[in-house]
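Undergrad: Coordinates in structure-v5.cif, mmCIF, C-alpha atoms, are listed below.
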```
data_run
loop_
_atom_site.label_atom_id
_atom_site.label_comp_id
_atom_site.auth_asym_id
_atom_site.auth_seq_id
_atom_site.Cartn_x
_atom_site.Cartn_y
_atom_site.Cartn_z
CA MET A 947 0.00 0.00 0.00
CA LYS A 948 1.33 3.39 -1.05
CA VAL A 949 0.79 6.31 1.31
CA SER A 950 1.36 10.05 0.88
CA ILE A 951 1.99 12.25 3.91
CA ILE A 952 1.29 15.98 3.99
CA ALA A 953 2.65 17.96 6.96
CA ILE A 954 0.89 21.32 7.19
CA GLY A 955 2.23 24.37 8.99
CA ASP A 956 4.22 27.55 8.38
CA GLU A 957 6.26 26.73 11.50
CA LEU A 958 7.59 23.60 9.78
CA LEU A 959 8.79 25.52 6.73
CA ILE A 960 10.71 28.11 8.72
CA GLY A 961 12.34 25.51 10.97
CA GLN A 962 10.65 26.72 14.14
CA VAL A 963 9.22 23.22 14.62
CA VAL A 964 10.70 19.96 13.32
CA ASP A 965 8.38 17.55 11.51
CA THR A 966 8.70 14.38 13.61
CA ASN A 967 5.24 13.11 12.71
CA SER A 968 6.16 11.92 9.22
CA GLY A 969 8.97 9.75 10.54
CA PHE A 970 6.70 8.27 13.20
CA LEU A 971 4.00 7.47 10.67
CA ALA A 972 6.48 5.80 8.32
CA ARG A 973 8.03 3.71 11.12
CA THR A 974 4.60 2.60 12.30
CA MET A 975 3.38 1.55 8.86
CA GLN A 976 6.55 -0.08 7.58
CA PRO A 977 6.26 -3.38 9.52
CA GLU A 978 2.89 -3.95 7.84
CA GLY A 979 4.41 -3.41 4.40
CA TRP A 980 2.88 0.03 3.87
CA GLU A 981 5.26 2.28 1.97
CA VAL A 982 5.46 6.06 2.09
CA ALA A 983 5.49 7.25 -1.52
CA ASP A 984 6.24 10.88 -0.66
CA VAL A 985 6.22 13.45 2.11
CA ALA A 986 5.22 17.07 1.47
CA VAL A 987 5.70 19.90 3.93
CA ILE A 988 3.43 22.83 3.03
CA SER A 989 2.28 26.16 4.42
CA ASP A 990 -1.05 27.05 6.03
CA SER A 991 -2.45 28.12 2.69
CA ALA A 992 -5.74 26.96 1.19
CA ALA A 993 -4.25 26.93 -2.30
CA GLU A 994 -1.25 24.87 -1.14
CA ILE A 995 -3.47 22.41 0.73
CA ARG A 996 -5.73 21.96 -2.32
CA ARG A 997 -2.74 21.44 -4.61
CA ALA A 998 -0.97 19.00 -2.29
CA VAL A 999 -4.11 16.95 -1.65
CA SER A 1000 -4.94 16.75 -5.35
CA GLU A 1001 -1.43 15.54 -6.26
CA ALA A 1002 -1.27 13.08 -3.35
CA LEU A 1003 -4.62 11.46 -4.23
CA LYS A 1004 -3.34 10.84 -7.76
CA ARG A 1005 -0.24 9.02 -6.43
CA SER A 1006 -1.58 7.12 -3.44
CA ASP A 1007 -4.70 5.34 -2.20
CA VAL A 1008 -4.17 6.70 1.32
CA VAL A 1009 -3.22 10.29 2.22
CA LEU A 1010 -2.35 11.31 5.77
CA THR A 1011 -2.27 14.97 6.78
CA THR A 1012 -0.97 16.38 10.05
CA GLY A 1013 -1.39 19.91 11.37
CA GLY A 1014 -3.55 22.92 10.68
CA LEU A 1015 -6.44 21.75 12.88
CA GLY A 1016 -5.88 24.13 15.81
CA PRO A 1017 -8.34 26.73 17.14
CA THR A 1018 -6.62 29.83 15.71
CA ARG A 1019 -7.51 31.57 12.46
CA ASP A 1020 -4.33 30.47 10.69
CA ASP A 1021 -5.39 26.81 11.05
CA ILE A 1022 -7.46 26.40 7.89
CA THR A 1023 -7.05 22.72 7.06
CA LYS A 1024 -10.55 21.72 8.19
CA GLN A 1025 -12.31 24.42 6.16
CA THR A 1026 -10.20 23.65 3.07
CA LEU A 1027 -10.88 19.90 3.28
CA CYS A 1028 -14.57 20.69 3.59
CA GLU A 1029 -14.31 22.64 0.34
CA ILE A 1030 -12.45 19.77 -1.36
CA PHE A 1031 -14.73 16.91 -0.26
CA GLY A 1032 -17.96 18.89 0.02
CA GLY A 1033 -20.53 19.18 2.80
CA THR A 1034 -20.99 21.76 5.52
CA LEU A 1035 -19.69 22.16 9.04
CA ARG A 1036 -21.78 20.72 11.88
CA GLU A 1037 -21.25 20.34 15.60
CA ASP A 1038 -20.36 16.82 16.73
CA PRO A 1039 -21.66 16.24 20.30
CA ASP A 1040 -19.04 13.57 21.04
CA VAL A 1041 -16.23 15.95 20.07
CA THR A 1042 -17.79 18.66 22.22
CA ALA A 1043 -17.83 16.25 25.18
CA ASP A 1044 -14.18 15.33 24.55
CA ILE A 1045 -13.11 18.99 24.44
CA ILE A 1046 -14.93 19.77 27.68
CA ASP A 1047 -13.35 16.72 29.33
CA VAL A 1048 -9.83 17.68 28.19
CA PHE A 1049 -10.23 21.23 29.51
CA ARG A 1050 -11.69 19.99 32.79
CA LYS A 1051 -8.72 17.64 33.35
CA ARG A 1052 -6.27 20.45 32.57
CA GLY A 1053 -8.04 22.93 34.84
CA LEU A 1054 -8.65 25.38 31.97
CA LYS A 1055 -11.65 27.46 31.00
CA LEU A 1056 -13.17 26.65 27.62
CA ASN A 1057 -13.35 29.57 25.15
CA SER A 1058 -15.28 30.02 21.92
CA LEU A 1059 -12.35 29.32 19.58
CA THR A 1060 -11.60 25.96 21.16
CA ALA A 1061 -15.30 25.06 21.35
CA ALA A 1062 -15.48 25.64 17.57
CA GLN A 1063 -13.18 22.67 17.07
CA ALA A 1064 -16.28 20.52 17.56
CA LEU A 1065 -17.48 21.76 14.15
CA VAL A 1066 -16.64 19.07 11.59
CA PRO A 1067 -17.50 18.56 7.89
CA THR A 1068 -20.60 16.48 7.16
CA SER A 1069 -18.54 14.77 4.43
CA CYS A 1070 -16.15 13.12 6.91
CA ARG A 1071 -16.24 10.34 9.46
CA VAL A 1072 -15.12 11.63 12.84
CA ILE A 1073 -12.55 9.72 14.89
CA ARG A 1074 -12.43 11.00 18.43
CA ASN A 1075 -9.19 12.41 19.81
CA ARG A 1076 -9.05 11.35 23.46
CA VAL A 1077 -5.91 13.35 24.30
CA GLY A 1078 -6.55 16.66 22.55
CA THR A 1079 -9.22 19.00 21.28
CA ALA A 1080 -8.92 18.60 17.49
CA PRO A 1081 -10.76 15.50 16.20
CA VAL A 1082 -9.41 13.22 13.48
CA MET A 1083 -11.36 13.39 10.20
CA TRP A 1084 -11.65 10.49 7.74
CA PHE A 1085 -12.64 11.43 4.16
CA GLU A 1086 -13.32 8.96 1.33
CA THR A 1087 -13.87 8.99 -2.39
CA SER A 1088 -15.77 6.12 -4.00
CA ASP A 1089 -14.52 5.75 -7.57
CA PRO A 1090 -11.72 4.96 -7.27
CA ARG A 1091 -11.68 4.42 -3.52
CA LYS A 1092 -9.28 6.83 -1.87
CA VAL A 1093 -8.94 7.73 1.81
CA LEU A 1094 -7.62 10.93 3.36
CA VAL A 1095 -7.19 11.11 7.12
CA ALA A 1096 -6.57 14.53 8.70
CA MET A 1097 -4.87 14.41 12.11
CA PRO A 1098 -3.71 17.06 14.59
CA GLY A 1099 -0.08 18.13 14.36
CA VAL A 1100 0.85 17.91 18.05
CA PRO A 1101 3.18 14.89 18.01
CA PHE A 1102 1.84 13.05 21.05
CA GLU A 1103 -1.72 13.51 19.75
CA THR A 1104 -0.73 12.27 16.28
CA GLU A 1105 1.01 9.23 17.74
CA HIS A 1106 -1.88 8.36 20.05
CA CYS A 1107 -4.59 8.80 17.40
CA PHE A 1108 -2.74 7.02 14.60
CA SER A 1109 -1.54 4.03 16.63
CA ARG A 1110 -4.78 3.37 18.48
CA GLU A 1111 -7.48 4.54 16.10
CA VAL A 1112 -6.42 5.40 12.57
CA PHE A 1113 -3.99 2.68 11.50
CA PRO A 1114 -6.11 -0.24 12.78
CA ARG A 1115 -9.00 1.12 10.71
CA LEU A 1116 -6.79 1.54 7.65
CA LEU A 1117 -5.55 -2.05 7.98
CA GLU A 1118 -9.16 -3.20 8.12
CA ALA A 1119 -10.13 -1.04 5.14
CA PHE A 1120 -7.17 -2.21 3.02
CA PRO A 1121 -6.39 -5.83 4.05
CA ARG A 1122 -3.18 -7.48 2.85
CA ARG A 1123 -3.25 -10.59 0.68
CA ASP A 1124 0.44 -11.45 0.84
CA ALA A 1125 2.94 -12.16 3.63
CA ILE A 1126 5.68 -9.99 5.07
CA ASP A 1127 8.28 -10.60 7.77
CA HIS A 1128 11.00 -8.50 9.40
CA ARG A 1129 13.90 -9.56 11.64
CA THR A 1130 16.34 -7.07 13.18
CA PHE A 1131 19.85 -7.72 14.51
CA VAL A 1132 22.21 -5.26 16.21
CA VAL A 1133 26.00 -5.42 15.77
CA ALA A 1134 28.87 -3.29 17.06
CA GLY A 1135 32.64 -3.02 16.73
CA ILE A 1136 32.74 -2.96 12.93
CA THR A 1137 32.38 -0.36 10.17
CA GLU A 1138 29.51 -0.51 7.72
CA SER A 1139 31.82 -1.20 4.78
CA ASP A 1140 33.68 -3.98 6.62
CA LEU A 1141 30.36 -5.51 7.60
CA ALA A 1142 29.18 -5.42 3.98
CA ILE A 1143 32.34 -7.26 2.90
CA ARG A 1144 31.84 -9.78 5.68
CA LEU A 1145 28.25 -10.44 4.58
CA GLU A 1146 28.90 -10.42 0.82
CA SER A 1147 28.30 -14.13 0.29
CA PHE A 1148 25.30 -14.07 2.61
CA GLU A 1149 23.61 -11.34 0.55
CA ARG A 1150 24.49 -13.11 -2.69
CA ASP A 1151 22.68 -16.25 -1.51
CA LEU A 1152 19.50 -14.47 -0.41
CA PRO A 1153 16.35 -15.46 -2.31
CA GLN A 1154 14.80 -12.68 -4.36
CA ALA A 1155 11.99 -12.35 -1.81
CA LEU A 1156 14.44 -11.45 0.96
CA HIS A 1157 16.46 -8.28 1.39
CA LEU A 1158 19.09 -7.14 3.91
CA ALA A 1159 19.19 -3.46 4.92
CA TYR A 1160 22.04 -1.72 6.79
CA LEU A 1161 20.83 0.90 9.30
CA PRO A 1162 23.86 2.50 10.98
CA ARG A 1163 23.67 4.59 14.13
CA PRO A 1164 26.59 6.07 16.04
CA GLY A 1165 28.49 3.12 17.50
CA ILE A 1166 26.18 0.37 16.23
CA ILE A 1167 24.67 -1.01 13.04
CA ARG A 1168 21.19 -2.46 12.81
CA LEU A 1169 20.68 -5.17 10.23
CA ARG A 1170 17.09 -5.63 9.07
CA LEU A 1171 16.20 -8.76 7.15
CA ASP A 1172 12.97 -8.15 5.22
CA GLY A 1173 10.86 -10.76 3.47
CA HIS A 1174 7.86 -10.39 1.15
CA ALA A 1175 6.12 -13.33 -0.55
CA ASP A 1176 2.74 -14.81 -1.45
CA ASP A 1177 3.30 -18.02 0.56
CA PRO A 1178 3.49 -17.32 4.32
CA ALA A 1179 4.81 -20.78 5.23
CA TRP A 1180 7.62 -20.61 2.66
CA LEU A 1181 8.54 -17.11 3.77
CA SER A 1182 8.69 -18.12 7.44
CA ARG A 1183 11.02 -21.04 6.63
CA GLN A 1184 13.34 -18.88 4.54
CA MET A 1185 13.47 -16.15 7.17
CA ASP A 1186 14.35 -18.74 9.84
CA ILE A 1187 17.10 -20.26 7.68
CA PHE A 1188 18.74 -16.97 6.77
CA SER A 1189 18.31 -15.47 10.24
CA ARG A 1190 20.30 -18.37 11.71
CA ARG A 1191 22.93 -17.97 9.02
CA LEU A 1192 23.16 -14.22 9.64
CA ILE A 1193 23.70 -14.83 13.35
CA ASP A 1194 26.52 -17.26 12.54
CA GLU A 1195 28.09 -14.83 10.05
CA CYS A 1196 28.09 -12.00 12.60
CA GLY A 1197 29.60 -14.09 15.38
CA THR A 1198 31.00 -12.07 18.28
CA ILE A 1199 30.03 -8.67 16.83
CA LEU A 1200 26.35 -9.50 17.31
CA LEU A 1201 24.89 -7.61 20.28
CA CYS A 1202 21.35 -8.93 20.13
CA GLU A 1203 18.46 -10.19 18.05
CA GLY A 1204 15.67 -7.62 17.95
CA ASP A 1205 15.53 -3.87 17.43
CA LEU A 1206 16.99 -2.79 20.78
CA THR A 1207 19.22 0.14 21.72
CA PRO A 1208 22.49 -0.39 23.61
CA ALA A 1209 20.77 0.96 26.74
CA GLN A 1210 17.91 -1.54 26.40
CA ILE A 1211 20.34 -4.40 25.83
CA LEU A 1212 22.40 -3.40 28.86
CA LEU A 1213 19.38 -3.15 31.16
CA GLN A 1214 18.10 -6.49 29.95
CA ARG A 1215 21.41 -8.25 30.58
CA LEU A 1216 21.90 -6.59 33.96
CA SER A 1217 18.39 -7.60 35.00
CA ASP A 1218 18.88 -11.17 33.81
CA SER A 1219 22.12 -11.35 35.82
CA GLY A 1220 20.73 -9.69 38.94
CA LEU A 1221 23.27 -6.85 38.66
CA THR A 1222 22.95 -3.09 39.15
CA PHE A 1223 24.33 -0.04 37.34
CA ALA A 1224 25.62 3.46 38.07
CA THR A 1225 27.22 6.34 36.16
CA ALA A 1226 29.91 8.92 36.83
CA GLU A 1227 29.77 11.57 34.11
CA SER A 1228 31.70 14.67 33.29
CA CYS A 1229 31.51 15.67 29.61
CA THR A 1230 28.30 13.71 29.00
CA GLY A 1231 26.58 15.72 31.74
CA GLY A 1232 24.15 13.01 32.83
CA ASN A 1233 23.18 11.92 29.32
CA ILE A 1234 24.09 8.28 30.00
CA ALA A 1235 21.89 8.23 33.10
CA ARG A 1236 19.09 9.97 31.20
CA THR A 1237 19.32 7.48 28.31
CA VAL A 1238 19.12 4.49 30.63
CA THR A 1239 16.45 5.80 32.99
CA ALA A 1240 14.20 6.75 30.06
CA ILE A 1241 13.54 3.01 29.65
CA PRO A 1242 10.62 1.59 31.66
CA GLY A 1243 11.83 -0.73 34.40
CA ALA A 1244 15.18 1.00 34.82
CA SER A 1245 14.54 1.52 38.53
CA ALA A 1246 15.06 -2.19 39.15
CA VAL A 1247 18.63 -1.96 37.84
CA VAL A 1248 19.93 1.62 38.10
CA CYS A 1249 21.31 2.69 41.49
CA GLY A 1250 22.11 6.27 40.58
CA GLY A 1251 24.35 8.67 38.73
CA ILE A 1252 26.81 11.41 39.58
CA VAL A 1253 27.57 14.36 37.30
CA ALA A 1254 31.07 15.30 38.41
CA TYR A 1255 31.87 18.28 36.22
CA SER A 1256 34.41 19.94 38.49
CA ASN A 1257 37.62 18.39 39.75
CA ASP A 1258 36.50 19.14 43.29
CA VAL A 1259 33.41 16.96 42.90
CA LYS A 1260 35.47 14.25 41.22
CA SER A 1261 37.65 14.14 44.29
CA ARG A 1262 35.12 14.69 47.10
CA ILE A 1263 32.25 12.54 45.78
CA LEU A 1264 33.99 9.96 43.60
CA GLY A 1265 37.27 9.70 45.48
CA VAL A 1266 39.55 10.63 42.57
CA ASP A 1267 43.06 11.27 43.90
CA PRO A 1268 43.96 15.00 43.50
CA ALA A 1269 47.51 13.89 42.68
CA THR A 1270 46.14 11.89 39.73
CA LEU A 1271 44.23 14.92 38.49
CA GLU A 1272 47.35 17.06 38.83
CA ALA A 1273 49.59 14.57 37.05
CA HIS A 1274 47.29 13.47 34.20
CA GLY A 1275 44.51 16.04 33.94
CA ALA A 1276 40.77 15.42 34.19
CA VAL A 1277 40.60 13.97 30.67
CA SER A 1278 42.74 10.90 31.23
CA ILE A 1279 42.47 7.15 31.66
CA PRO A 1280 43.61 7.09 35.32
CA VAL A 1281 40.93 9.65 36.24
CA VAL A 1282 37.98 7.91 34.53
CA GLU A 1283 39.02 4.57 35.99
CA GLN A 1284 38.97 6.10 39.47
CA MET A 1285 35.62 7.79 38.67
CA ALA A 1286 34.05 4.46 37.67
CA ARG A 1287 35.31 2.73 40.79
CA GLY A 1288 34.20 5.72 42.86
CA ALA A 1289 30.66 5.44 41.46
CA ILE A 1290 30.53 1.81 42.59
CA ALA A 1291 31.74 2.79 46.05
CA ALA A 1292 29.24 5.67 46.30
CA THR A 1293 26.17 3.80 45.05
CA GLY A 1294 26.85 0.13 45.76
CA ALA A 1295 26.27 -0.76 42.11
CA SER A 1296 27.66 -3.91 40.51
CA LEU A 1297 28.82 -2.07 37.39
CA ALA A 1298 29.58 1.56 36.55
CA VAL A 1299 30.77 3.65 33.63
CA ALA A 1300 32.61 6.97 33.66
CA THR A 1301 33.31 9.66 31.07
CA SER A 1302 35.57 12.69 30.95
CA GLY A 1303 36.33 14.61 27.81
CA ILE A 1304 36.25 17.75 25.71
CA ALA A 1305 32.90 18.06 23.95
CA GLY A 1306 33.68 21.47 22.46
CA PRO A 1307 33.45 23.74 20.71
CA GLY A 1308 36.30 25.15 22.84
CA GLY A 1309 38.65 23.73 25.42
CA GLY A 1310 40.79 21.57 23.17
CA SER A 1311 44.55 21.49 22.83
CA PRO A 1312 47.03 19.88 20.41
CA GLU A 1313 47.47 16.99 22.86
CA LYS A 1314 43.77 16.68 23.65
CA PRO A 1315 41.70 18.14 20.80
CA VAL A 1316 37.96 18.70 20.88
CA GLY A 1317 36.22 15.33 20.69
CA THR A 1318 38.70 13.57 22.96
CA VAL A 1319 36.79 11.47 25.51
CA CYS A 1320 38.14 8.98 28.03
CA ILE A 1321 35.71 6.23 29.00
CA ALA A 1322 35.96 3.51 31.63
CA ALA A 1323 33.72 0.68 32.80
CA ALA A 1324 34.35 -1.02 36.13
CA SER A 1325 32.74 -3.84 38.11
CA ASP A 1326 32.55 -4.52 41.82
CA ASP A 1327 34.81 -7.56 41.41
CA GLY A 1328 37.73 -5.29 40.52
CA ARG A 1329 37.69 -5.56 36.73
CA CYS A 1330 38.04 -2.37 34.71
CA ILE A 1331 38.37 -1.56 31.01
CA SER A 1332 39.11 1.88 29.58
CA ALA A 1333 40.03 3.65 26.36
CA THR A 1334 40.55 7.11 24.89
CA HIS A 1335 38.32 7.98 21.93
CA HIS A 1336 38.28 10.81 19.40
CA PHE A 1337 34.75 11.60 18.24
CA PRO A 1338 34.05 13.95 15.31
CA GLY A 1339 31.23 16.45 15.08
CA ASN A 1340 29.68 19.15 17.22
CA ARG A 1341 29.10 19.13 20.96
CA SER A 1342 25.83 17.17 20.89
CA ARG A 1343 27.26 14.56 18.54
CA VAL A 1344 30.33 14.05 20.75
CA VAL A 1345 28.07 13.59 23.78
CA ASP A 1346 25.85 11.11 21.90
CA ARG A 1347 28.80 9.09 20.64
CA ALA A 1348 30.39 9.05 24.09
CA THR A 1349 27.10 7.88 25.60
CA THR A 1350 26.74 4.98 23.19
CA THR A 1351 30.40 4.01 23.53
CA ALA A 1352 30.15 3.99 27.34
CA LEU A 1353 27.10 1.71 27.19
CA LEU A 1354 28.93 -0.61 24.79
CA ALA A 1355 31.92 -0.65 27.18
CA ALA A 1356 29.60 -1.77 29.98
CA LEU A 1357 28.24 -4.52 27.74
CA SER A 1358 31.77 -5.58 26.89
CA LEU A 1359 32.62 -5.86 30.57
CA LEU A 1360 29.55 -8.01 31.14
#
```
In structure tokens, what does this structure look like?

TA:
Amino acid sequence: MKVSIIAIGDELLIGQVVDTNSGFLARTMQPEGWEVADVAVISDSAAEIRRAVSEALKRSDVVLTTGGLGPTRDDITKQTLCEIFGGTLREDPDVTADIIDVFRKRGLKLNSLTAAQALVPTSCRVIRNRVGTAPVMWFETSDPRKVLVAMPGVPFETEHCFSREVFPRLLEAFPRRDAIDHRTFVVAGITESDLAIRLESFERDLPQALHLAYLPRPGIIRLRLDGHADDPAWLSRQMDIFSRRLIDECGTILLCEGDLTPAQILLQRLSDSGLTFATAESCTGGNIARTVTAIPGASAVVCGGIVAYSNDVKSRILGVDPATLEAHGAVSIPVVEQMARGAIAATGASLAVATSGIAGPGGGSPEKPVGTVCIAAASDDGRCISATHHFPGNRSRVVDRATTTALLAALSLL
């Protein structure tokens, strides 16, 4: 199934807001074999909306729009769609009830502009938005059958409405008659080009119905094995055969089967082993702790984290020897090793990681340029591994790379 996405909003065109909805929609549909044919980002203009909708309906059977459904006068998507598909605006009592309920829960007073969001075209089917005030509108044409679904642009509303209401209805309206399968594997410690050389014979032997995709992220590479065939039983057998072979080909560089992040893998392994985790961070500023604790269930594994930005805190809280700081500097292997061990002593964790580096844009030197980060992982049985890394890019990229590398170091120690 081909889908066109139209993201509506002047704020998207000027970069004031980033369009995250289109990526979410594509990721949600892809496992079911639905392909995004194109994504258009357009202004809050009736002429632009009419043009984009007309072109999208020629290319795709399903068109998804996000944005332009707010209560202010610059949100004109609803009125324009009413002009395109016909009908008049009417008040929907269920939408009115939802709006009143949302405002009551938020402790806000309902005004006339927001109340007007309950006015919907008679030409659409209304899908209630349980987390916001703008309803979802489902429009259809009969010959040929085309569907346009207009959704609010607030990301958490889009995600809630599409996942729970819209996509299930689309799957019912356009049922599949073939079989698809996806398997994901995560590897680390190898470049994308070296991995491609390693898997050259594997890819050559793949049946035409199967395809291997390389999805690199900083520090890791996700391998997605996709299958698409008319015979579900045959496809399942082939996916099993080549999944086992891919696992064998990857060997020790394989981190896990499944689409998991390094943080998810680490928490899973720590939990399975009955171990706990802590962080001691300088240049990453708590990003490792934030990444890990963002995962549900982290409280069962994570003891705590210490952001030791100053040398004084490194010494007083983590027990780093001032003489070591004086002799080697804060960005050094001896210091991060002592930081990691100090985090274990301070929190009682089984395993800890530590970072100290120069994220930039200033602060570098010829000996320690911007992007230099020392990382250590230590365990409560006395083991410790450490290394100095040189990460390219701006400050945020250095922090992200250091975060991933620290998590991979912890996995290596496990």

Undergrad: Once the PyMOL selection byres ((chain A and resi 1034-1045) around 10) has been evaluated on this model, what residues remain selected, and can you format them as a PyMOL selection string?

TA: chain A and resi 1024-1025+1028-1029+1031-1033+1046-1050+1056+1060-1070+1072-1082

Undergrad: For A:Val1100, work out the shell of residues within 8 Å, counting all atoms listed in the file and skipping chain neighbours fewer than 3 positions away, then give it as a PyMOL selection string.

TA: chain A and resi 1013+1103-1104

Undergrad: Considering all atoms listed in the file, return as a ChimeraX atom specification whatever protein or nucleic-acid residues lie within 12 Å of A:Ile1290, sequence-local ones (same chain, fewer than 5 positions apart) excluded.

TA: /A:1221-1226,1248-1252,1263-1265,1283-1285,1295-1300,1323-1330

Undergrad: Env of A:Pro1121: 12 Å cut, atoms = all atoms listed in the file, seq-sep filter 5 positions within chain, self excluded. Answer as a VMD selection string.

TA: chain A and resid 947 978 to 980 1113 to 1116

Undergrad: With C-alpha atoms retained, write the just-selected residues as a compact mmCIF listing (two decimals), in the coordinates of the input.

TA:
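Just written: out-v1.txt:
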```txt
# COMPACT_ATOMS: atom_id res chain seq x y z
CA MET A 947 0.00 0.00 0.00
CA GLU A 978 2.89 -3.95 7.84
CA GLY A 979 4.41 -3.41 4.40
CA TRP A 980 2.88 0.03 3.87
CA PHE A 1113 -3.99 2.68 11.50
CA PRO A 1114 -6.11 -0.24 12.78
CA ARG A 1115 -9.00 1.12 10.71
CA LEU A 1116 -6.79 1.54 7.65
```

Undergrad: Applied to the shown file, which residues does the PyMOL selection byres ((chain A and resi 952) around 12) return, written as a ChimeraX atom specification?

TA: /A:949-951,953-955,958,965,967-969,971,982-990,994-1003,1006,1008-1014,1023,1094-1099

Undergrad: Do you know which residues are at most 6 Å from A:Gly1173 counting all atoms listed in the file, after dropping those on the same chain fewer than 3 positions away, and could you put them as a count of residues only?

TA: 4

Undergrad: Taking all atoms of stretch 1270-1273 of chain A that the file lists, what box with edges along x, y and z, padded by 5 Å per side, do you get, with centre and edge lengths in Å to one decimal, as lines of an AutoDock Vina configuration file?

TA:
```
center_x = 46.9
center_y = 14.5
center_z = 38.4
size_x = 15.4
size_y = 15.2
size_z = 12.7
```

Undergrad: Any chance you could work out the residue set of the PyMOL selection byres ((chain A and resi 1345) around 12) here, as a ChimeraX atom specification?

TA: /A:1164,1227-1234,1237,1301-1307,1316-1321,1335-1344,1346-1352

Undergrad: For atom CA of A:Trp1084 and atom CA of A:Glu1111, determine how far apart the two atoms are, in Å to one decimal place.

TA: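 That distance, rounded to one decimal, is 11.1 Å.
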
Undergrad: Between A:Gln1210, A:Thr1270, A:Ser991, A:Ser1311, which is the closest to A:Asp956 once you count only C-alpha atoms?

TA: A:Ser991
